[in-house]
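Everything on this sheet refers to the single structure shown next.
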Amino acid sequence: MAHSYEETDASHVLTLEEITNLTEEGGKPADTLMNVVALIATRFRTDVCSAYLLEPDRSHLVLAATLGLHPRSIGNLRMPLHEGLTGMVAELVLPVAVDDVASHPRFKYFQESGEEIYHSFLGVPLVDRGILQGVLIVQTKEKRVFQEAEIRMLAEAASQVAPVVSEARTLDRFIAPIQERLWSLARNLWWSWDHDCISIFRDLNPTRWRELNQNPISLLSEMPLREVERRATEMVLHGRINYVYRRQLEYLKADRTWGAGNAGVLRPRPVAYFSAEFGLHESLPIYSGGLGVLSGDHIKSASDLDIPLIGVGLFYGQGYFLQRLDQSGWQREEYLRTDVNQLPMQPAIGQNGEPIVVEIQTRGGSIRAKVWRIKVGRCDLLLLDSNVAGNAPEDLELTSRLYGGDGRTRIRQELLLGVGGLRAVRAMGITPGVLHLNEGHSGFAVFEAIRNRMQEEGMPFNSAAREVAREVVFTTHTPVPAGHDRFNADLIEEHLGPLREELGISHENLMGFGREYPTNWQEQFCMTVLGLKLSRRANAVSSLHGEVSRAMWVSLYPGKPEDAVPIGHITNGVHVPSWLAPQMCRLYDRHLGVGWQEKSGSAKTWEQIESVDDGELWETHLSLKAQLLDFVRRRAREQAERRNEPQESLLKLGKVLSPDALTIGFARRFATYKRANLILADIQRLAAMVNDPKRPVQFLFAGKAHPHDEPGKKVLQQIAELMRDSEFADKFVFVEDYDINVGRHLVQGVDVWLNNPRRPLEASGTSGQKVVLNGGLNLSVLDGWWAEAYDGLNGFAIGTGRTHSNMDVHDRRDGDDLYRVLRDELIPLYYQRDKDGLPRGWISRMKRTIRTLGWRFNADRMVMDYTQKCYIPAAGGTSSNMRSPG
């Protein structure tokens, strides 16, 4: 039952004198507006008071100040005048009072505002000198009938406030300029690869920035406006914020880009890039390792190059696990739920103006998912989230964890990623011209694309499959059998049965698309086989991996020799701005020329590194190494404190490692074939090496074992236990919870990056490529990318590229060669100094590795290769292609 409040005693809600005082107190129109809404809410005894300002196009309103709604919505909640009750006030230029908004036909709920708990609404227009400037509204949790006198008084207050609003609009300052611009920067992940922008957020509060996992949304959410202004003044941030804000706008609006000149055919029908994980930044924990970071780097470079591409993935509410080692060094997993309000995500809105919800029918019922949208520079990333009402209990948690659960969980996740992901893209009004399946996880998307083609063009299945396959690009990432998902026939029928019926094919026909031998009824359905069979462009991720993949899958192409198997390769690369240390970036700015980052995929860009003074390059490297050691000591102490280790141990960990010692880093997934413990093959030789007083060596390790990989956990435990061995205690450190943040510190500061997988099981590897950018050297088995990168003088090689059929012999040979290279080549070169104390030979290799590898193994080159060799041909945009007869 609605009820009335007694009228206020005051004859005016605000007086001119109070407005003047508030103006003086705030100093800026935006500050005054924040003060005004707070005072009105108090005087009017309402739960909310908000000011919406008319944008320059005079067809939209934007929330400029509020008390009661979510602060995140300031500057972000934007609506056309024809929407909602607030828009109605502006359209009519009259007050609108409603006691129960949900019953009003013009009511529209804006989810990001947090307004679902408020029932009553009173809005009045803000008019200055006869011109509409915006809308002032109040809201309450309880139903409330506003009296005529109350409406009149709010209108009178609005007339007093309108000149302030007019001034704010005239100055193009809709809200506090600093606050608005910081939020604008934080909502687009472009900030995460812009050093200037990162430094601004860090300078607002360095301690909290680190504690909040470098999350600007979390940082701004807990900083009041006055605190932001105070820190900005103290740190002289205003000019820097305005500069970065302008640069972001210029970046987003630029039209003379590589993509504009080379990938125009993709503009109306962009690439839909599917991946099970995206590693964009540590504050968005929806990745586990290499595949996710590669996907993140791919979409970032697509943005930089301006390639029309939309990413499609899953939102994992608990992400991958937090890693904690117990007293024995055994890995323990901990899962924490991510607060979506602390992430730069908004609900994806469909063509109907409503949040997108996709639904997929299975034999056991439907699976539903909402869709989040994240801005990654110029690109969008869509993430499907099954935590929605209407789902069965098992499906509410379906997307909660990355790579968790059994085969049934996995197939449901992959059904959601592929079929649901493509439905989400189309719900936004986007018809992709290319489907890029990054690994087999998203393979079911091809069946959905075929279904769409059959419905839209009236084609039979076989014709539609041929047409769709021309538009599919498939990337395979691993030669390890366990990396290729396989499902039994019952799981396939349970989950794809309804879709199969729409396709008009039999169960055995569908199973044949996932079998190497279609008539082998015992063979399971393999997602990689599906990707290879229903794509016309397939690639491995390094030259050697291409050879291995052609040998692996030759059975799919009867009658073709191994060399003719249609699997090519595009070697992986890394996104330069994301992994390059700011200090190295400044050095490159000075020596590589203006705009070098836009040309980082060209060999010519990197030639000038040879002219850099040896001392300058070495000094820059040592400063990064010092930062790394500080980071590792801090993390080591924090780890020990969690285990309640004695104070004596904490003190020792605060001094562990030496800036003078050769520092070797090893960080990756602790799968047994990666052989993290190869360096432990001869423990006595290792002890002599690390304890050499003249030429000491120290090791940093990081990485996670899969929760179900017991052998991998045992290898990890071996490494961790060395921290408790008196001979190695201050020379070996294991950093827990390997993520993008840990990886960034390691690749920027180590002297040497160690990589010793069992060849040829490393498809590509990218961590060593990040080290290259920062002047570190690689010591690696000739596998993956290093097999095509090493020239004898730009790093160090373990072995000659030969393998052995006996695994023990293979490992023993590689272990012996690892020690030989360290003893005879690497350590002597590092410690060979001239009269200036500089290791000239080492620095020469640093320069050579940057010059010869920096352009080849970066993501801009990689994405340009995909665009020219895969995307444009798949979209039918190739101007000429003469095929030889036969």
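Here's how to read the names in the structure tokens: chain A, B, ... by the order shown, residue numbers from 1 in each chain, ligand numbers from 1 in the order shown.
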
Query raised in the report: Residues at most 8 Å from Leu818 of chain A, counting only C-alpha atoms, excluding those fewer than 2 positions away in the same chain, as a list in words?
Result: Ile679, Ile798, Gly799, Asp814, Gly815, Asp816, Arg820, Val821 and Leu822 of chain A

Report task. Considering only C-alpha atoms, return as a list in words whatever protein or nucleic-acid residues lie within 10 Å of Leu132 of chain A, sequence-local ones (same chain, fewer than 6 positions apart) excluded. Result ->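 The contact residues come out as Leu53, Leu54, Arg58, Ala90, Glu91, Val93, Pro125, Leu126, Ala162 and Ser166 of chain A.
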
Any chance you could export the current selection's N, CA and C atoms as a short mmCIF file (atom, residue, chain, number, x, y, z; two decimals), in the first residue's frame?
data_model
loop_
_atom_site.label_atom_id
_atom_site.label_comp_id
_atom_site.auth_asym_id
_atom_site.auth_seq_id
_atom_site.Cartn_x
_atom_site.Cartn_y
_atom_site.Cartn_z
N LEU A 53 22.75 14.62 -17.07
CA LEU A 53 23.01 15.75 -17.93
C LEU A 53 22.78 15.38 -19.39
N LEU A 54 22.25 16.34 -20.14
CA LEU A 54 22.03 16.14 -21.55
C LEU A 54 23.36 16.18 -22.28
N ARG A 58 22.18 16.03 -27.61
CA ARG A 58 20.84 16.39 -27.11
C ARG A 58 19.82 15.26 -27.32
N ALA A 90 12.77 14.35 -19.58
CA ALA A 90 13.45 15.21 -20.55
C ALA A 90 12.61 15.41 -21.80
N GLU A 91 11.91 14.36 -22.23
CA GLU A 91 11.07 14.47 -23.42
C GLU A 91 9.94 15.46 -23.21
N VAL A 93 9.76 17.67 -20.71
CA VAL A 93 10.24 18.87 -20.00
C VAL A 93 9.22 19.24 -18.92
N PRO A 125 12.82 18.49 -14.70
CA PRO A 125 13.81 18.93 -15.68
C PRO A 125 14.72 20.02 -15.12
N LEU A 126 15.97 20.00 -15.58
CA LEU A 126 16.93 21.05 -15.26
C LEU A 126 16.97 22.00 -16.46
N ALA A 162 20.35 24.50 -12.04
CA ALA A 162 20.51 24.48 -13.49
C ALA A 162 21.69 25.28 -14.01
N SER A 166 24.50 23.88 -16.46
CA SER A 166 24.79 24.51 -17.73
C SER A 166 26.29 24.78 -17.89
#

Report task. From a DSSP calculation on the backbone, collect every residue of segment 187-282 of chain A in helix (DSSP H, G or I) and output the set as JSON, numbers by chain. Result -> {"A": [189, 190, 191, 192, 193, 195, 196, 197, 198, 199, 200, 201, 202, 203, 204, 206, 207, 208, 209, 210, 211, 216, 217, 218, 219, 220, 221, 222, 225, 226, 227, 228, 229, 230, 231, 232, 233, 234, 238, 239, 240, 241, 242, 243, 244, 245, 246, 247, 248, 249, 250, 251, 252, 253, 258, 259, 260, 261, 262, 264, 265, 266]}

Report task. Pick out the residues sitting within 9 Å of Leu266 of chain A, and hand them over as a list in words; count only C-alpha atoms, and ignore anything fewer than 5 positions along from it in its own chain. Result ->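 My reading of the contact set: Val271, Ile307, Pro308, Leu309, Pro432, Gly433, Val434, Tyr871, Ile872, Ala875 and Gly877 of chain A.
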
Export of the given selection (C-alpha atoms) as a PDB file, in the first residue's frame:
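The resulting file, result.pdb, is reproduced below:
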ATOM      1  CA  VAL A 271      36.320 -12.528 -37.320  1.00  0.00           C
ATOM      2  CA  ILE A 307      41.474  -5.982 -37.302  1.00  0.00           C
ATOM      3  CA  PRO A 308      37.670  -6.369 -37.028  1.00  0.00           C
ATOM      4  CA  LEU A 309      37.597  -9.222 -34.511  1.00  0.00           C
ATOM      5  CA  PRO A 432      30.902 -13.229 -38.736  1.00  0.00           C
ATOM      6  CA  GLY A 433      32.744 -13.753 -41.995  1.00  0.00           C
ATOM      7  CA  VAL A 434      35.394 -15.946 -40.357  1.00  0.00           C
ATOM      8  CA  TYR A 871      41.139 -14.339 -42.496  1.00  0.00           C
ATOM      9  CA  ILE A 872      41.066 -12.426 -45.779  1.00  0.00           C
ATOM     10  CA  ALA A 875      36.208 -14.020 -46.068  1.00  0.00           C
ATOM     11  CA  GLY A 877      38.754 -10.920 -49.909  1.00  0.00           C
TER      12      GLY A 877
END

Query - Those of segment 638-803 of chain A in DSSP strand (DSSP E), formatted as a VMD selection string - result: chain A and resid 662 to 667 697 to 702 732 to 735 752 to 755 777 to 781 796 to 798
